[in-house]
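A.B. asks: Before anything else, here's the structure in question.
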Protein chains: 2
Amino acid sequence: MLVHTIAEVREQIKKWKKEGLTVGLVPTMGALHAGHKSLIDKSVEKCDRTVVSVFVNPIQFCPGEDLDKYPRTLDEDNKLCEDSGVDIVFAPSPKEMYGEGHILSNDFLTYVIPPYFYVDKLCGKSRVGHFDGVCTVVNKLFNIVQPDFAFFGQKDAQQLIIIRKMVKDLNIPVEIIPCPIVREDSGLALSSRNKYLSAEEKEYALALSKILFNIKACYDKGVTDVRALTETAYAYLNNRHQLEYLEFRDENNLEEKTTADDNTRVFIAVKIGTVRLIDNISLH
Amino acid sequence: MLVHTIAEVREQIKKWKKEGLTVGLVPTMGALHAGHKSLIDKSVEKCDRTVVSVFVNPIQFCPGEDLDKYPRTLDEDNKLCEDSGVDIVFAPSPKEMYGEGHILSNDFLTYVIPPYFYVDKLCGKSRVGHFDGVCTVVNKLFNIVQPDFAFFGQKDAQQLIIIRKMVKDLNIPVEIIPCPIVREDSGLALSSRNKYLSAEEKEYALALSKILFNIKACYDKGVTDVRALTETAYAYLNNRHQLEYLEFRDENNLEEKTTADDNTRVFIAVKIGTVRLIDNISLH
């Protein structure tokens, strides 16, 4: 069932809660691919009812980012959800979510702000305000859908860590279920932004996963010095890659590691042409 | 029932929700007086079950404010609640609410931040960060108690307006019930901070309500010019009063008024000695 208003969602959720049914939420920006599908399948399996939200959230895009050209494929998204046993596809308009007028600023809108320590690094460094927008919209979706479980992909690992921190800090009664990254056979992590890549750029994009897999292999062989592990990356990079970051951090609190251990996650962001790609791997 | 842990509250709430009972929340910092009692009575009357939270929230006090000396009277508070038919008095420790360590900063804690337009004026001007702390703790309490209704006094009118804005912006499934200011026969608005006043200072404190009542009387007689209405205040002030603000604003969105109308609320803050007092009145 495709619904566009908050009121319709609330009404349906209320009925389900009365019947004692559990509800799973998969928040997405649409352009669904096999990565999203894996989250949806997990929710459908675990919960009595599943809601997928499809909302390209304007307040998590920074100036100059791809808000306008972000892929919007609601018909296909809805079809994929129906075929997967989703009960509600919630696709609100920006107006439905934020009202009208000049309110998309912290002058006139209440924001949920993650801690600076979690956002002053990795993607937060170049995408200023991004995670404020993410936390605010996820908080709204949680309040609208009141799910028992919410499913997030580990592809956006920093986002997942920040959402978990938000849930803990604000005592939100939702259990967050992390889901593993889904990859093409080539190793490329699935992303809605892969659509922006030319065939040639897609080849270059393989560097991200190759770097991460190689670091993991080195770690498994006993290399734990982060500087040494970092240096293994350069063999995979050329002048078509603009490396934004390659960092080793604690996968719960994002503290920096100088010696890798089983709690370490390796994060990478690379720009290829105009397309910014991210990937990560746990050393566990 | 006096409980100190979030887990105990959640467990009880879960049972009530299963039985289909409605829950009212009265968030307080304790030192309960007849003003709080009127909120509690309203909740007990309206809801199947009532929770009163008693928590002196450290993150809403600014440096130099009265966090340490703020009155703490849990035994009396609990007695008043029991006598009033309250079902749960929730009195958590700061550690229970915020965990341990250096987390009471936006470096390490997720905050809910009201819009600048709502906090850069009135009490927000002198109490920087105060409403961030208020919104964050109220959001936490809403997530812990999951009330159907929450009761707030109009004494803290700016707070009430900001909470309503937060509920709207974040789609929080709680209905906010505003409750009128309770006053002594003298006109003095009840406040836990009145305890700080000497007998002499208490006399001076009457200026606040006298100014507001007189402005309302002038408005009722047809005076709408805000400058003229403001000037009526000075007759009540002497060198023992440090006037912080006297402002006429829209009672829904806090926009400034130059001509008073039925949507106008008059806000006043005065410092007497070291005690800062606030009051307000609707011209409706």
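Ligands are numbered from 1 in the order shown, chains are lettered A, B, ... in the order of the structure tokens, and residues start at 1 in each chain.
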Write down, as a PyMOL selection string, each residue of chain A that has any atom within 10 Å of an atom of chain B, counting only C-alpha atoms.
C.D. replies: chain A and resi 6+10+17-20+97-99+103+105-120+132+135-146+162-163+165-174+253
A.B. asks: Skip segment 213-229 of chain B itself and residues of its chain fewer than 4 positions away, then list as a ChimeraX atom specification all residues within 9 Å of it, counting only C-alpha atoms.
C.D. replies: /B:187,208-209,233,247-248,257-261,266,281-284
A.B. asks: Just list as a PyMOL selection string whatever in segment 98-184 of chain B DSSP marks as helix (DSSP H, G or I).
C.D. replies: chain B and resi 98+116-119+123-126+130-145+154-169
A.B. asks: Could you list, as a short mmCIF file (atom, residue, chain, number, x, y, z; two decimals) with C-alpha atoms, in the first residue's frame, every residue within 7 Å of Ile268 of chain B, counting only C-alpha atoms and ignoring same-chain residues fewer than 3 positions away?
C.D. replies:
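Done, and the output landed in out-v4.cif:
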```cif
data_model
loop_
_atom_site.label_atom_id
_atom_site.label_comp_id
_atom_site.auth_asym_id
_atom_site.auth_seq_id
_atom_site.Cartn_x
_atom_site.Cartn_y
_atom_site.Cartn_z
CA LEU B 208 5.75 41.64 38.00
CA TYR B 245 12.79 42.28 29.56
CA LEU B 246 9.17 43.36 29.08
CA GLU B 247 8.04 42.23 25.66
CA ILE B 278 9.52 35.59 35.28
CA ASP B 279 5.81 36.04 34.63
CA ASN B 280 3.50 36.53 31.65
#
```
A.B. asks: Near Lys155 of chain A, counting only C-alpha atoms, which residues have an atom at most 10 Å away, once you skip same-chain residues fewer than 2 positions from it, shown as a compact mmCIF listing (two decimals) with C-alpha atoms, in the first residue's frame?
C.D. replies:
```txt
# COMPACT_ATOMS: atom_id res chain seq x y z
CA GLY A 35 21.18 -3.49 -0.75
CA PHE A 152 20.03 0.31 8.51
CA GLY A 153 22.77 -0.79 6.14
CA ALA A 157 28.58 2.95 8.77
CA GLN A 158 29.08 6.39 10.29
CA GLN A 159 25.35 7.05 9.90
CA LEU A 160 24.53 3.76 11.60
CA PRO A 178 22.45 -3.34 11.31
CA CYS A 179 22.59 -5.13 7.95
CA PRO A 180 25.75 -6.12 6.05
CA ILE A 181 26.91 -4.35 2.90
CA VAL A 182 25.69 -5.92 -0.33
CA ARG A 183 28.28 -5.99 -3.16
CA ALA A 189 29.37 -1.87 -2.76
CA LEU A 190 25.84 -1.19 -4.00
CA SER A 191 24.80 2.46 -3.88
CA PHE A 267 36.44 3.75 6.33
CA ILE A 278 32.16 5.49 0.24
CA ASP A 279 32.83 2.00 1.55
CA ASN A 280 33.99 0.36 4.77
CA ILE A 281 34.94 -2.95 6.31
```
A.B. asks: Compile the contact shell of Met1 of chain B as a list in words: residues with an atom at most 12 Å away, counting only C-alpha atoms, same-chain residues fewer than 2 positions apart removed.
C.D. replies: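 After dropping sequence-adjacent residues, the list is Val3, His4, Glu8, Val9, Gln12, Arg49, Thr50, Val51, Val52, Ser53, Asn78, Lys79, Cys81, Glu82, Asp83, Gly85, Val86, Asp87, Ile88, Val89, Phe90 and Ala91 of chain B.
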A.B. asks: Run DSSP on the backbone and give me the residues of segment 53-258 of chain B it puts in strand (DSSP E or B), as a VMD selection string.
C.D. replies: chain B and resid 53 to 54 88 to 90 111 to 113 149 to 153 175 to 179 183 189 225 241 to 250 256
A.B. asks: One decimal, Å: what's the distance from atom CA of Ala205 of chain B over to atom CA of Arg127 of chain B, could you say?
C.D. replies: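 Separation of atom CA of Ala205 of chain B and atom CA of Arg127 of chain B: 20.4 Å.
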A.B. asks: Separation of atom CA of Cys47 of chain A and atom CA of Phe151 of chain A, in Å?
C.D. replies: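 Those two atoms sit 11.1 Å apart.
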A.B. asks: Need to verify the contact set: Arg72 of chain A, 7 Å, only C-alpha atoms, exclusion of same-chain residues closer than 2 positions in sequence. Can you return it as a ChimeraX atom specification?
C.D. replies: /A:30-31,70,74
